[in-house]
>>> print(open('target.cif').read())   # mmCIF, C-alpha atoms
data_entry
loop_
_atom_site.label_atom_id
_atom_site.label_comp_id
_atom_site.auth_asym_id
_atom_site.auth_seq_id
_atom_site.Cartn_x
_atom_site.Cartn_y
_atom_site.Cartn_z
CA GLU A 752 0.00 0.00 0.00
CA THR A 753 1.41 3.37 -1.04
CA GLY A 754 -1.12 5.58 0.71
CA VAL A 755 -2.13 7.07 -2.65
CA THR A 756 -5.82 6.56 -3.32
CA GLN A 757 -7.75 7.11 -6.51
CA SER A 758 -11.45 7.18 -7.25
CA PRO A 759 -13.37 5.75 -8.87
CA THR A 760 -11.63 2.45 -9.66
CA HIS A 761 -13.67 1.83 -12.80
CA LEU A 762 -15.71 4.12 -15.00
CA ILE A 763 -17.63 3.78 -18.25
CA LYS A 764 -18.41 6.92 -20.22
CA THR A 765 -19.89 7.71 -23.62
CA ARG A 766 -17.90 9.45 -26.33
CA GLY A 767 -18.25 13.23 -26.03
CA GLN A 768 -18.89 13.19 -22.29
CA GLN A 769 -16.71 14.70 -19.61
CA VAL A 770 -15.05 12.86 -16.73
CA THR A 771 -13.36 13.80 -13.46
CA LEU A 772 -10.90 11.49 -11.75
CA ARG A 773 -9.65 12.06 -8.22
CA CYS A 774 -6.45 11.35 -6.34
CA SER A 775 -5.43 11.71 -2.72
CA SER A 776 -1.70 11.92 -2.28
CA GLN A 777 0.34 10.11 0.33
CA SER A 778 0.61 11.92 3.65
CA GLY A 779 3.45 14.47 3.50
CA HIS A 780 3.57 14.53 -0.30
CA ASN A 781 2.96 17.86 -2.06
CA THR A 782 3.37 16.73 -5.67
CA VAL A 783 0.92 14.80 -7.82
CA SER A 784 1.57 13.53 -11.33
CA TRP A 785 -0.96 11.98 -13.69
CA TYR A 786 -0.22 9.28 -16.25
CA GLN A 787 -2.24 7.52 -18.93
CA GLN A 788 -1.47 3.86 -19.58
CA ALA A 789 -2.97 2.24 -22.65
CA LEU A 790 -3.17 -1.54 -22.80
CA GLY A 791 0.24 -3.10 -23.37
CA GLN A 792 2.08 0.22 -23.12
CA GLY A 793 4.07 2.05 -20.48
CA PRO A 794 2.49 4.99 -18.65
CA GLN A 795 2.57 8.33 -20.48
CA PHE A 796 3.04 11.55 -18.50
CA ILE A 797 0.03 13.89 -18.67
CA PHE A 798 0.99 16.63 -16.21
CA GLN A 799 2.27 17.34 -12.73
CA TYR A 800 1.12 19.63 -9.93
CA TYR A 801 3.50 20.93 -7.31
CA ARG A 802 2.10 23.00 -4.44
CA GLU A 803 -1.11 23.66 -6.39
CA GLU A 804 0.65 24.85 -9.57
CA GLU A 805 1.05 22.92 -12.81
CA ASN A 806 4.82 22.56 -13.33
CA GLY A 807 5.08 20.17 -16.24
CA ARG A 808 2.89 18.86 -19.02
CA GLY A 809 3.22 16.03 -21.48
CA ASN A 810 1.99 15.81 -25.05
CA PHE A 811 -1.74 15.82 -24.29
CA PRO A 812 -4.37 18.18 -25.73
CA PRO A 813 -5.94 20.98 -23.65
CA ARG A 814 -9.09 18.93 -23.07
CA PHE A 815 -6.98 17.18 -20.43
CA SER A 816 -6.88 19.53 -17.47
CA GLY A 817 -6.37 19.31 -13.78
CA LEU A 818 -5.95 21.03 -10.49
CA GLN A 819 -4.48 20.48 -7.09
CA PHE A 820 -6.14 21.49 -3.85
CA PRO A 821 -4.57 22.99 -0.69
CA ASN A 822 -4.51 19.53 0.90
CA TYR A 823 -2.51 18.38 -2.20
CA SER A 824 -5.23 16.08 -3.48
CA SER A 825 -5.79 16.42 -7.21
CA GLU A 826 -8.31 16.05 -10.00
CA LEU A 827 -7.87 15.11 -13.64
CA ASN A 828 -10.61 16.34 -15.97
CA VAL A 829 -11.07 15.13 -19.51
CA ASN A 830 -13.56 16.86 -21.79
CA ALA A 831 -15.06 15.64 -25.06
CA LEU A 832 -14.07 12.03 -24.44
CA GLU A 833 -12.80 10.03 -27.38
CA LEU A 834 -12.63 6.27 -27.77
CA ASP A 835 -8.82 6.43 -27.59
CA ASP A 836 -9.07 7.92 -24.10
CA SER A 837 -9.91 4.44 -22.84
CA ALA A 838 -6.99 3.56 -20.57
CA LEU A 839 -5.77 3.13 -17.01
CA TYR A 840 -5.25 6.55 -15.44
CA LEU A 841 -2.59 6.59 -12.77
CA CYS A 842 -1.84 9.15 -10.14
CA ALA A 843 1.58 9.28 -8.48
CA SER A 844 2.55 11.31 -5.45
CA SER A 845 5.96 12.44 -4.29
CA ASN A 846 7.77 15.00 -2.15
CA PRO A 847 10.86 16.56 -3.75
CA THR A 848 12.50 17.76 -0.52
CA GLY A 849 15.82 16.22 -1.59
CA GLY A 850 15.59 17.55 -5.11
CA TRP A 851 13.73 16.29 -8.16
CA VAL A 852 16.52 13.95 -9.25
CA VAL A 853 16.28 11.66 -6.22
CA THR A 854 12.54 11.99 -5.69
CA GLU A 855 10.66 8.72 -5.89
CA ALA A 856 7.06 8.56 -7.07
CA PHE A 857 4.47 6.17 -5.71
CA PHE A 858 1.36 5.20 -7.63
CA GLY A 859 -2.24 4.79 -6.62
CA GLN A 860 -4.27 1.82 -7.77
CA GLY A 861 -5.49 3.62 -10.88
CA THR A 862 -8.82 4.35 -12.51
CA ARG A 863 -9.83 2.18 -15.45
CA LEU A 864 -11.74 4.41 -17.89
CA THR A 865 -13.69 2.87 -20.74
CA VAL A 866 -15.16 5.16 -23.39
CA VAL A 867 -17.90 3.63 -25.53
CA GLN B 1397 13.86 6.35 -31.70
CA LYS B 1398 11.90 5.87 -28.51
CA GLU B 1399 13.15 7.76 -25.46
CA VAL B 1400 13.20 4.62 -23.30
CA GLU B 1401 13.34 1.18 -24.88
CA GLN B 1402 12.78 -2.23 -23.41
CA ASN B 1403 12.32 -5.65 -24.95
CA SER B 1404 8.63 -6.40 -24.61
CA GLY B 1405 9.24 -10.09 -24.06
CA PRO B 1406 7.83 -12.27 -22.78
CA LEU B 1407 11.00 -13.32 -20.99
CA SER B 1408 10.61 -16.80 -19.58
CA VAL B 1409 12.95 -18.18 -16.91
CA PRO B 1410 12.76 -21.26 -14.69
CA GLU B 1411 12.20 -20.90 -10.98
CA GLY B 1412 15.47 -20.25 -9.15
CA ALA B 1413 17.23 -18.77 -12.18
CA ILE B 1414 18.47 -15.21 -12.68
CA ALA B 1415 16.20 -12.97 -14.72
CA SER B 1416 17.92 -10.13 -16.57
CA LEU B 1417 15.87 -7.16 -17.74
CA ASN B 1418 17.38 -4.45 -19.91
CA CYS B 1419 16.58 -0.85 -20.74
CA THR B 1420 18.23 1.79 -22.92
CA TYR B 1421 17.49 5.51 -23.00
CA SER B 1422 18.23 8.26 -25.48
CA ASP B 1423 18.61 11.42 -23.36
CA ARG B 1424 22.21 11.73 -22.12
CA GLY B 1425 21.02 14.30 -19.58
CA SER B 1426 18.95 11.71 -17.73
CA GLN B 1427 19.91 11.59 -14.09
CA SER B 1428 17.71 9.08 -12.30
CA PHE B 1429 16.42 5.67 -13.16
CA PHE B 1430 13.70 3.54 -11.69
CA TRP B 1431 12.33 0.03 -11.99
CA TYR B 1432 8.66 -0.58 -11.36
CA ARG B 1433 6.88 -3.92 -11.19
CA GLN B 1434 3.32 -4.12 -12.47
CA TYR B 1435 1.13 -7.16 -11.96
CA SER B 1436 -1.64 -7.69 -14.47
CA GLY B 1437 -4.52 -5.31 -13.80
CA LYS B 1438 -2.64 -3.50 -11.04
CA SER B 1439 -0.69 -0.26 -10.78
CA PRO B 1440 3.12 0.06 -10.94
CA GLU B 1441 5.04 -0.62 -7.74
CA LEU B 1442 8.49 0.93 -7.21
CA ILE B 1443 11.14 -1.72 -6.58
CA MET B 1444 14.47 0.01 -7.28
CA SER B 1445 15.94 3.43 -7.94
CA ILE B 1446 19.50 4.15 -9.07
CA TYR B 1447 21.31 7.43 -9.69
CA SER B 1448 25.03 6.61 -10.01
CA ASN B 1449 27.01 4.36 -12.31
CA GLY B 1450 27.50 0.86 -10.97
CA ASP B 1451 25.41 -1.65 -9.10
CA LYS B 1452 22.81 -1.21 -6.40
CA GLU B 1453 21.55 -4.26 -4.55
CA ASP B 1454 18.35 -4.71 -2.55
CA GLY B 1455 17.59 -8.25 -1.51
CA ARG B 1456 17.19 -10.41 -4.62
CA PHE B 1457 17.21 -7.36 -6.89
CA THR B 1458 20.26 -5.65 -8.39
CA ALA B 1459 20.03 -2.55 -10.56
CA GLN B 1460 22.96 -1.73 -12.83
CA LEU B 1461 23.57 1.64 -14.47
CA ASN B 1462 26.02 2.58 -17.20
CA LYS B 1463 25.50 6.20 -18.20
CA ALA B 1464 28.21 6.12 -20.88
CA SER B 1465 26.32 3.35 -22.67
CA GLN B 1466 22.92 4.81 -21.70
CA TYR B 1467 21.94 1.46 -20.32
CA VAL B 1468 20.22 0.31 -17.14
CA SER B 1469 19.37 -3.21 -16.14
CA LEU B 1470 17.62 -5.16 -13.41
CA LEU B 1471 18.74 -8.58 -12.24
CA ILE B 1472 16.42 -10.76 -10.21
CA ARG B 1473 18.21 -13.61 -8.46
CA ASP B 1474 16.48 -16.82 -7.36
CA SER B 1475 13.44 -15.93 -9.45
CA GLN B 1476 10.09 -17.00 -8.01
CA PRO B 1477 6.72 -17.51 -9.75
CA SER B 1478 5.50 -14.49 -7.75
CA ASP B 1479 8.02 -12.38 -9.70
CA SER B 1480 5.96 -12.97 -12.85
CA ALA B 1481 4.86 -9.47 -13.87
CA THR B 1482 5.66 -6.66 -16.28
CA TYR B 1483 8.75 -4.68 -15.35
CA LEU B 1484 8.77 -1.02 -16.32
CA CYS B 1485 11.93 1.02 -16.70
CA ALA B 1486 11.46 4.74 -16.01
CA VAL B 1487 13.90 7.58 -16.58
CA LYS B 1488 13.89 11.11 -15.25
CA GLY B 1489 15.57 13.93 -17.13
CA GLY B 1490 17.66 16.69 -15.66
CA ASN B 1491 15.33 19.63 -16.28
CA GLN B 1492 11.92 18.03 -16.23
CA GLY B 1493 11.01 18.08 -12.56
CA GLY B 1494 9.31 14.88 -11.55
CA LYS B 1495 8.36 13.73 -15.04
CA LEU B 1496 9.02 10.03 -15.57
CA ILE B 1497 9.50 8.62 -19.05
CA PHE B 1498 8.59 4.96 -19.18
CA GLY B 1499 9.53 2.16 -21.50
CA GLN B 1500 6.81 -0.16 -22.72
CA GLY B 1501 7.71 -2.78 -20.15
CA THR B 1502 9.11 -6.31 -20.27
CA GLU B 1503 6.82 -9.17 -19.36
CA LEU B 1504 8.58 -11.73 -17.15
CA SER B 1505 7.26 -15.24 -16.67
CA VAL B 1506 8.87 -17.48 -14.03
CA LYS B 1507 8.01 -21.14 -14.58
CA PRO B 1508 7.82 -23.50 -11.56
#
>>> encode(input="target.cif", output="structure tokens")
Amino acid sequence: ETGVTQSPTHLIKTRGQQVTLRCSSQSGHNTVSWYQQALGQGPQFIFQYYREEENGRGNFPPRFSGLQFPNYSSELNVNALELDDSALYLCASSNPTGGWVVTEAFFGQGTRLTVV
Amino acid sequence: QKEVEQNSGPLSVPEGAIASLNCTYSDRGSQSFFWYRQYSGKSPELIMSIYSNGDKEDGRFTAQLNKASQYVSLLIRDSQPSDSATYLCAVKGGNQGGKLIFGQGTELSVKP
């Protein structure tokens, strides 16, 4: 158990709809990163929030957005869902007190999103 | 060229053998390297991190890093059927904060 929790665990949405995924970071962690993992692939970085500010973004369109709350929990929002958005969405939390290089990230159990 | 490359496998080894998993990366500025284990249907679990050239051992696991060759590996000694999983190599660049770049993963199967 990493102490990182995500909700919901499974979700089915219709193409064109919007979805919000939630993540509670591990106690003491102020950084949350979101990843998308398609079947048979490695996770792909979506974006990262550090102390409530976005401080890095991967190659994802603007319809992928997020925020981080004062308690460092985070949301990932996806608008205008497409079939290709079907994937496992992973949240990872960390605390870069020793510097980003040596910071380890710990994943939640993920949210399986199916778009039909 | 992919940023992080792994053989997708499956890699099959008998119980008790050494499993060797390999990973290459393209960014010479990469500074930290991680191995995650992912069981089918589950999320990645961190098993090793390595930052300096050489070997790092933790129980049955040994991570090896060669920055000159842009190569990182994971050895699993005395492999057990419970080690059967997909192993993900992840690399962190020098100026990219906490962003991890993952390979596609190598599926390991340990046969009793």
>>> resolve_selection(input="target.cif", expression="the PyMOL selection byres ((chain A) within 10 of (chain B))", output="VMD selection string")
chain A and resid 752 to 753 782 to 786 788 790 to 801 806 to 809 839 to 847 850 to 863
>>> resolve_selection(input="target.cif", expression="the PyMOL selection byres ((chain B and resi 1507) around 8)", output="list in words")
Ser1408, Val1409, Pro1410, Glu1411, Pro1477, Ser1505, Val1506 and Pro1508 of chain B
>>> resolve_selection(input="target.cif", expression="the PyMOL selection byres ((chain B and resi 1467) around 12)", output="PyMOL selection string")
chain B and resi 1399-1402+1417-1424+1426+1428-1429+1446+1448-1450+1459-1466+1468-1470+1485-1487
>>> closest_residue(input="target.cif", among="A:Val829, A:Val755, A:Val866, A:Leu834", to="Gln777 in chain A", atoms="only C-alpha atoms")
A:Val755
>>> atom_distance(input="target.cif", atom1="CA of Ala789 in chain A", atom2="CA of Phe820 in chain A")
27.1 Å
>>> atom_distance(input="target.cif", atom1="CA of Ser1480 in chain B", atom2="CA of Pro1406 in chain B")
10.1 Å
>>> atom_distance(input="target.cif", atom1="CA of Ile763 in chain A", atom2="CA of Gln787 in chain A")
15.9 Å
>>> residues_around(input="target.cif", residues="Leu827 in chain A", least_positions_apart="3", cutoff="7 Å", atoms="all atoms listed in the file", output="mmCIF file with C-alpha atoms, in the frame of the given file")
data_model
loop_
_atom_site.group_PDB
_atom_site.id
_atom_site.type_symbol
_atom_site.label_atom_id
_atom_site.label_comp_id
_atom_site.auth_asym_id
_atom_site.auth_seq_id
_atom_site.Cartn_x
_atom_site.Cartn_y
_atom_site.Cartn_z
ATOM 1 C CA THR A 771 -13.360 13.800 -13.460
ATOM 2 C CA LEU A 772 -10.900 11.490 -11.750
ATOM 3 C CA ARG A 773 -9.650 12.060 -8.220
ATOM 4 C CA SER A 816 -6.880 19.530 -17.470
ATOM 5 C CA GLY A 817 -6.370 19.310 -13.780
ATOM 6 C CA LEU A 818 -5.950 21.030 -10.490
#
>>> closest_residue(input="target.cif", among="B:Asp1479, B:Phe1457, B:Gly1425, B:Tyr1435", to="Leu1407 in chain B", atoms="only C-alpha atoms")
B:Asp1479
>>> residues_around(input="target.cif", residues="Thr1458 in chain B", least_positions_apart="5", cutoff="6 Å", atoms="only C-alpha atoms", output="list in words")
Lys1452, Glu1453, Leu1470 and Leu1471 of chain B
>>> closest_residue(input="target.cif", among="B:Leu1504, B:Asp1451, B:Ile1443, B:Gln1434", to="Ala1415 in chain B", atoms="all atoms listed in the file")
B:Leu1504
